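Structure first, then comments.
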Amino acid sequence: MKYLALVYYEERIMRTMSQQEWDALNQECLACVGDLADRGKFVAGEALQSVATATSVRVRDGRVSTTDGPFAETKEQLAGFYLLEARDLNEAISLAAKIPPARYGCVEVRPVRELSRTRNQRPGEE
């Protein structure tokens, strides 16, 4: 089963790191991806640019509107994601716990909902 691991941290804290600390963290992330890939657990993933580059898009009554910045003001910002292959939620949590930025923020783990051409579950339906 696929699980999305959303990586959040405070950009403000990341900016206080020295270049050496930042580079070391990024090397840890690359090593983590390598290990997950070697074990057949990594499907895809990417780091995101700063929240300052975000644009939120909304469509209401057929009209598109955009605003600079993320959808919601939060203490921690979405920094990237890992799409993982795991047998169950427990394994997905175990894999997510090894993602280095979890030490600085959090990693939200959510099962991927497979879409089909027949009835699909709405959010919150079991």
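In the structure tokens, chains take letters A, B, ... by order of appearance, with residues numbered from 1 within each chain and ligands from 1 in the order shown.
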- Task: Using only C-alpha atoms, determine which residues lie at most 10 Å from stretch 25-29 of chain A, disregarding the query and same-chain residues fewer than 3 positions distant; provide the list as JSON, numbers by chain.
- Result: {"A": [17, 19, 20, 21, 22, 32, 33, 34, 35, 47, 98, 99, 100, 101]}
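For the residues A:Ser50, A:Arg122, A:Val7, A:Pro111, ranking by smallest atom-to-atom distance to A:Arg87 using only C-alpha atoms places A:Pro111 first.
Neighbours of A:Met1 closer than or equal to 8 Å, with only C-alpha atoms counted and sequence neighbours fewer than 2 positions away skipped, come out as Tyr3, Glu85, Ala86, Arg87, Asp88, Pro111 and Val112 of chain A.
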Output file for the residues above (N, CA, C and O atoms, as a CSV table (one decimal), in the first residue's frame):
chain,number,residue,atom,x,y,z
A,3,TYR,N,1.8,5.2,1.0
A,3,TYR,CA,1.6,6.2,2.0
A,3,TYR,C,2.3,7.4,1.6
A,3,TYR,O,3.5,7.3,1.2
A,85,GLU,N,6.1,2.9,-0.1
A,85,GLU,CA,5.4,1.7,-0.2
A,85,GLU,C,5.6,0.9,1.1
A,85,GLU,O,6.8,0.7,1.5
A,86,ALA,N,4.5,0.6,1.8
A,86,ALA,CA,4.6,-0.1,3.1
A,86,ALA,C,3.5,-1.1,3.2
A,86,ALA,O,2.4,-0.9,2.6
A,87,ARG,N,3.7,-2.1,4.0
A,87,ARG,CA,2.6,-3.2,4.1
A,87,ARG,C,1.5,-2.7,4.9
A,87,ARG,O,0.3,-3.1,4.7
A,88,ASP,N,1.7,-1.7,5.9
A,88,ASP,CA,0.6,-1.2,6.7
A,88,ASP,C,1.1,0.1,7.3
A,88,ASP,O,2.2,0.6,7.1
A,111,PRO,N,-2.4,7.4,4.3
A,111,PRO,CA,-2.6,6.4,3.2
A,111,PRO,C,-3.1,7.1,1.9
A,111,PRO,O,-3.8,8.0,2.0
A,112,VAL,N,-2.6,6.6,0.8
A,112,VAL,CA,-3.0,7.1,-0.5
A,112,VAL,C,-4.4,6.4,-0.8
A,112,VAL,O,-4.5,5.2,-0.7
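You will find atom CA of A:Gly40 at 28.0 Å from atom CA of A:Asn120.
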Need to verify the contact set: A:Gly69, 9 Å, only C-alpha atoms, exclusion of same-chain residues closer than 5 positions in sequence. Can you return it as a PDB file with N, CA and C atoms, in the first residue's frame?
ATOM      1  N   VAL A  51       8.166  28.441   1.223  1.00  0.00           N
ATOM      2  CA  VAL A  51       6.751  28.797   1.235  1.00  0.00           C
ATOM      3  C   VAL A  51       6.537  30.176   0.618  1.00  0.00           C
ATOM      4  N   ALA A  52       7.569  31.005   0.588  1.00  0.00           N
ATOM      5  CA  ALA A  52       7.460  32.332  -0.030  1.00  0.00           C
ATOM      6  C   ALA A  52       7.190  32.235  -1.531  1.00  0.00           C
ATOM      7  N   THR A  53       7.467  31.089  -2.130  1.00  0.00           N
ATOM      8  CA  THR A  53       7.235  30.911  -3.571  1.00  0.00           C
ATOM      9  C   THR A  53       5.862  30.320  -3.871  1.00  0.00           C
ATOM     10  N   ALA A  54       5.079  30.015  -2.842  1.00  0.00           N
ATOM     11  CA  ALA A  54       3.788  29.336  -3.019  1.00  0.00           C
ATOM     12  C   ALA A  54       2.732  30.275  -3.590  1.00  0.00           C
ATOM     13  N   THR A  55       1.830  29.696  -4.355  1.00  0.00           N
ATOM     14  CA  THR A  55       0.638  30.388  -4.840  1.00  0.00           C
ATOM     15  C   THR A  55      -0.548  29.474  -4.583  1.00  0.00           C
ATOM     16  N   SER A  56      -1.580  30.001  -3.950  1.00  0.00           N
ATOM     17  CA  SER A  56      -2.796  29.231  -3.706  1.00  0.00           C
ATOM     18  C   SER A  56      -3.810  29.558  -4.795  1.00  0.00           C
TER      19      SER A  56
END
- Task: as a PyMOL selection string, please: all residues of chain A that backbone DSSP puts in alpha helix (DSSP H).
- Result: chain A and resi 11-15+19-38+89-96
- Task: From stretch 44-94 of chain A, collect each residue whose DSSP state is strand (DSSP E) and return the set as an MDAnalysis selection string.
- Result: chainID A and resid 44:47 55:60 63:68 77:85
Mind dumping the selected residues with C-alpha atoms as a compact mmCIF listing (two decimals), in the first residue's frame?
# COMPACT_ATOMS: atom_id res chain seq x y z
CA ALA A 44 8.79 9.15 -5.32
CA GLY A 45 9.62 12.31 -3.44
CA GLU A 46 10.71 15.88 -3.79
CA ALA A 47 11.81 18.80 -1.67
CA THR A 55 0.64 30.39 -4.84
CA SER A 56 -2.80 29.23 -3.71
CA VAL A 57 -5.41 28.67 -6.44
CA ARG A 58 -9.15 28.65 -5.81
CA VAL A 59 -12.08 28.25 -8.19
CA ARG A 60 -15.45 29.58 -7.05
CA ARG A 63 -13.82 32.04 -11.47
CA VAL A 64 -10.15 31.41 -10.74
CA SER A 65 -8.44 33.44 -8.06
CA THR A 66 -4.85 33.23 -6.86
CA THR A 67 -3.14 34.48 -3.73
CA ASP A 68 0.52 34.53 -2.85
CA GLN A 77 5.55 24.76 6.55
CA LEU A 78 5.33 21.92 4.05
CA ALA A 79 8.92 21.27 2.96
CA GLY A 80 8.57 18.17 0.80
CA PHE A 81 7.17 14.69 0.52
CA TYR A 82 8.10 11.04 0.29
CA LEU A 83 5.74 8.57 -1.38
CA LEU A 84 6.37 5.27 0.37
CA GLU A 85 5.41 1.67 -0.22
- Can you work out which one of A:Leu115, A:Ala97, A:Ala102, A:Lys2 has the shortest atom-to-atom distance to A:Val43, counting only C-alpha atoms? A:Lys2
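In this model, the gap between atom CA of A:Val107 and atom CA of A:Arg15 comes to 19.2 Å.
Proximity to A:Leu6 was assessed for A:Lys75, A:Val109, A:Leu48, A:Leu89 counting only C-alpha atoms; the smallest distance is recorded for A:Val109.
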